[in-house]
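See structure below.
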Amino acid sequence: MDDSAPMSVVALTVGGTRGAAAQEPLGRPTEEDPVTTEHARPTWQADACPDWCVVLHAQDDDERDRTHVSASLSVPARQLLGGPGAEVSPFAEREPGGPPGSPEAMDSTAAADLAVCLHRRDGAPSTWVYVGDGAVQHLELSTDSWRRILPALDRVLELAGG
Ligand SMILES: [Zn+2]
């Protein structure tokens, strides 16, 4: 018998009786479900993880953290900050200003790696795309919004040339 094949991840079907009467006897909270494994789906999880989710959800995840999240793509970027002395992300590196009196001296800029990732609250219909530096600058919009923005970006970048 060949036992060398790794055990495949089994997606358990749970939560189908959500809202129905609890099957456990009242007044005696069960402790750990003995058949629960680290791959079992937590009982709070309404949706199977989307293909892009990299989170290992746990039964005791805080309600606010019950979200499917993708791996993050990192994109090097330059940011225009909101004027001299503007707030800058701790993950960004402020760039030296232009010489006094020059047009560049009017602006404050930084280099930062922007994170691009997807997230969706479990059970919710909307998937969001985060693009940001993790602190100061970000856009967090629905996938439909980004689909509308991308052609507009193409147009302005075409105008900008270069
Ligand atoms: Zn997930």
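Ligands are numbered from 1 in the order shown, residues from 1 within each chain, and chains are lettered A, B, ... in the order they appear in the structure tokens.
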
Quiz item: Counting only C-alpha atoms, what is within 10 Å of Ser142 in chain A, bar same-chain residues fewer than 5 positions away, as a ChimeraX atom specification?
Solution: /A:118-120,126-130,147

Take the residues just selected and output them with N, CA and C atoms as a short mmCIF file (atom, residue, chain, number, x, y, z; two decimals), in the first residue's frame.
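And here is the file that came out, result.cif:
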data_model
loop_
_atom_site.label_atom_id
_atom_site.label_comp_id
_atom_site.auth_asym_id
_atom_site.auth_seq_id
_atom_site.Cartn_x
_atom_site.Cartn_y
_atom_site.Cartn_z
N LEU A 118 -6.32 41.78 -3.02
CA LEU A 118 -7.77 41.60 -2.98
C LEU A 118 -8.20 41.22 -1.58
N HIS A 119 -9.39 41.65 -1.20
CA HIS A 119 -9.96 41.10 0.03
C HIS A 119 -11.48 41.12 -0.05
N ARG A 120 -12.07 40.19 0.65
CA ARG A 120 -13.53 40.09 0.68
C ARG A 120 -13.96 39.50 2.01
N SER A 126 -19.07 41.73 -2.04
CA SER A 126 -18.13 42.64 -2.69
C SER A 126 -16.68 42.24 -2.46
N THR A 127 -15.93 42.21 -3.55
CA THR A 127 -14.49 42.02 -3.47
C THR A 127 -13.84 43.39 -3.66
N TRP A 128 -12.89 43.70 -2.80
CA TRP A 128 -12.23 45.00 -2.81
C TRP A 128 -10.79 44.85 -3.25
N VAL A 129 -10.30 45.88 -3.91
CA VAL A 129 -8.89 45.90 -4.30
C VAL A 129 -8.23 47.05 -3.56
N TYR A 130 -7.22 46.70 -2.79
CA TYR A 130 -6.44 47.70 -2.06
C TYR A 130 -5.18 48.01 -2.84
N ARG A 147 -12.20 48.35 -12.67
CA ARG A 147 -12.37 48.07 -14.10
C ARG A 147 -12.75 49.33 -14.86
#

Exercise. Report as a list of chain:residue names: the residues of range 84-138 of chain A with a DSSP assignment of strand (DSSP E or B), based on the backbone of this structure.
Key: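 Those in range 84-138 of chain A that DSSP calls strand (DSSP E or B) are A:Ala92, A:Glu93, A:Arg94, A:Ser108, A:Thr109, A:Ala110, A:Ala111, A:Ala112, A:Asp113, A:Leu114, A:Ala115, A:Val116, A:Cys117, A:Leu118, A:His119, A:Arg120, A:Arg121, A:Trp128, A:Val129, A:Tyr130, A:Val131, A:Gly132, A:His138.
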
Generate the output file for the selected residues, N, CA and C atoms, as a PDB file, in the first residue's frame.
ATOM      1  N   ALA A  92       7.677  54.241   3.556  1.00  0.00           N
ATOM      2  CA  ALA A  92       8.131  55.009   2.399  1.00  0.00           C
ATOM      3  C   ALA A  92       9.418  55.754   2.752  1.00  0.00           C
ATOM      4  N   GLU A  93      10.143  56.109   1.747  1.00  0.00           N
ATOM      5  CA  GLU A  93      11.395  56.840   1.947  1.00  0.00           C
ATOM      6  C   GLU A  93      11.252  58.211   1.314  1.00  0.00           C
ATOM      7  N   ARG A  94      11.287  59.218   2.164  1.00  0.00           N
ATOM      8  CA  ARG A  94      11.122  60.573   1.660  1.00  0.00           C
ATOM      9  C   ARG A  94      12.277  60.914   0.717  1.00  0.00           C
ATOM     10  N   SER A 108       6.656  67.718  -1.953  1.00  0.00           N
ATOM     11  CA  SER A 108       7.306  66.724  -1.114  1.00  0.00           C
ATOM     12  C   SER A 108       6.981  65.362  -1.718  1.00  0.00           C
ATOM     13  N   THR A 109       8.012  64.559  -1.924  1.00  0.00           N
ATOM     14  CA  THR A 109       7.802  63.268  -2.584  1.00  0.00           C
ATOM     15  C   THR A 109       8.463  62.146  -1.790  1.00  0.00           C
ATOM     16  N   ALA A 110       8.030  60.945  -2.085  1.00  0.00           N
ATOM     17  CA  ALA A 110       8.596  59.785  -1.397  1.00  0.00           C
ATOM     18  C   ALA A 110       8.584  58.600  -2.338  1.00  0.00           C
ATOM     19  N   ALA A 111       9.487  57.665  -2.066  1.00  0.00           N
ATOM     20  CA  ALA A 111       9.501  56.387  -2.778  1.00  0.00           C
ATOM     21  C   ALA A 111       8.889  55.346  -1.853  1.00  0.00           C
ATOM     22  N   ALA A 112       7.993  54.565  -2.385  1.00  0.00           N
ATOM     23  CA  ALA A 112       7.330  53.551  -1.556  1.00  0.00           C
ATOM     24  C   ALA A 112       6.972  52.357  -2.423  1.00  0.00           C
ATOM     25  N   ASP A 113       6.966  51.198  -1.806  1.00  0.00           N
ATOM     26  CA  ASP A 113       6.424  50.018  -2.478  1.00  0.00           C
ATOM     27  C   ASP A 113       4.938  49.944  -2.159  1.00  0.00           C
ATOM     28  N   LEU A 114       4.139  50.043  -3.183  1.00  0.00           N
ATOM     29  CA  LEU A 114       2.698  49.948  -2.974  1.00  0.00           C
ATOM     30  C   LEU A 114       2.268  48.486  -2.997  1.00  0.00           C
ATOM     31  N   ALA A 115       1.387  48.160  -2.104  1.00  0.00           N
ATOM     32  CA  ALA A 115       0.817  46.812  -2.076  1.00  0.00           C
ATOM     33  C   ALA A 115      -0.484  46.819  -2.871  1.00  0.00           C
ATOM     34  N   VAL A 116      -0.665  45.766  -3.653  1.00  0.00           N
ATOM     35  CA  VAL A 116      -1.913  45.571  -4.395  1.00  0.00           C
ATOM     36  C   VAL A 116      -2.462  44.212  -3.979  1.00  0.00           C
ATOM     37  N   CYS A 117      -3.662  44.209  -3.428  1.00  0.00           N
ATOM     38  CA  CYS A 117      -4.232  42.923  -3.018  1.00  0.00           C
ATOM     39  C   CYS A 117      -5.754  42.967  -3.029  1.00  0.00           C
ATOM     40  N   LEU A 118      -6.317  41.777  -3.020  1.00  0.00           N
ATOM     41  CA  LEU A 118      -7.768  41.602  -2.984  1.00  0.00           C
ATOM     42  C   LEU A 118      -8.199  41.221  -1.577  1.00  0.00           C
ATOM     43  N   HIS A 119      -9.389  41.651  -1.200  1.00  0.00           N
ATOM     44  CA  HIS A 119      -9.963  41.103   0.026  1.00  0.00           C
ATOM     45  C   HIS A 119     -11.477  41.118  -0.050  1.00  0.00           C
ATOM     46  N   ARG A 120     -12.068  40.189   0.653  1.00  0.00           N
ATOM     47  CA  ARG A 120     -13.531  40.086   0.682  1.00  0.00           C
ATOM     48  C   ARG A 120     -13.958  39.496   2.013  1.00  0.00           C
ATOM     49  N   ARG A 121     -14.868  40.208   2.677  1.00  0.00           N
ATOM     50  CA  ARG A 121     -15.363  39.716   3.956  1.00  0.00           C
ATOM     51  C   ARG A 121     -16.151  38.427   3.722  1.00  0.00           C
ATOM     52  N   TRP A 128     -12.889  43.697  -2.799  1.00  0.00           N
ATOM     53  CA  TRP A 128     -12.233  45.002  -2.813  1.00  0.00           C
ATOM     54  C   TRP A 128     -10.793  44.848  -3.251  1.00  0.00           C
ATOM     55  N   VAL A 129     -10.296  45.877  -3.907  1.00  0.00           N
ATOM     56  CA  VAL A 129      -8.888  45.900  -4.302  1.00  0.00           C
ATOM     57  C   VAL A 129      -8.227  47.049  -3.556  1.00  0.00           C
ATOM     58  N   TYR A 130      -7.219  46.703  -2.792  1.00  0.00           N
ATOM     59  CA  TYR A 130      -6.444  47.703  -2.060  1.00  0.00           C
ATOM     60  C   TYR A 130      -5.180  48.010  -2.839  1.00  0.00           C
ATOM     61  N   VAL A 131      -4.927  49.276  -3.041  1.00  0.00           N
ATOM     62  CA  VAL A 131      -3.646  49.724  -3.592  1.00  0.00           C
ATOM     63  C   VAL A 131      -3.151  50.816  -2.659  1.00  0.00           C
ATOM     64  N   GLY A 132      -2.056  50.582  -1.977  1.00  0.00           N
ATOM     65  CA  GLY A 132      -1.620  51.607  -1.046  1.00  0.00           C
ATOM     66  C   GLY A 132      -0.281  51.308  -0.415  1.00  0.00           C
ATOM     67  N   HIS A 138      -3.715  55.502  -0.013  1.00  0.00           N
ATOM     68  CA  HIS A 138      -4.266  54.271  -0.568  1.00  0.00           C
ATOM     69  C   HIS A 138      -5.568  54.554  -1.292  1.00  0.00           C
TER      70      HIS A 138
END

Self-check item: Length of the CA of Gln79 in chain A to CA of Met106 in chain A vector [Å]
Solution: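 So the answer is 14.1 Å.
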
Practice problem: Return as a list in words the residues of protein, DNA or RNA that approach ligand 1 to within 10 Å, with only C-alpha atoms and all ligand atoms taken into account. | Solution: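 The residues near ligand 1 are Arg41, Gln45, Asp47, Ala48, Cys49, Pro50, Asp51, Trp52, Cys53, Val54, Val55, Leu56, His57, Arg66, Thr67, His68, Val69, Ser70, His119, Arg120, Arg121 and Asp122 of chain A.
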
Exercise. Between CA of Trp44 in chain A and CA of Asp61 in chain A, measure the distance and give it in Å to one decimal.
Key: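 That distance, rounded to one decimal, is 9.1 Å.
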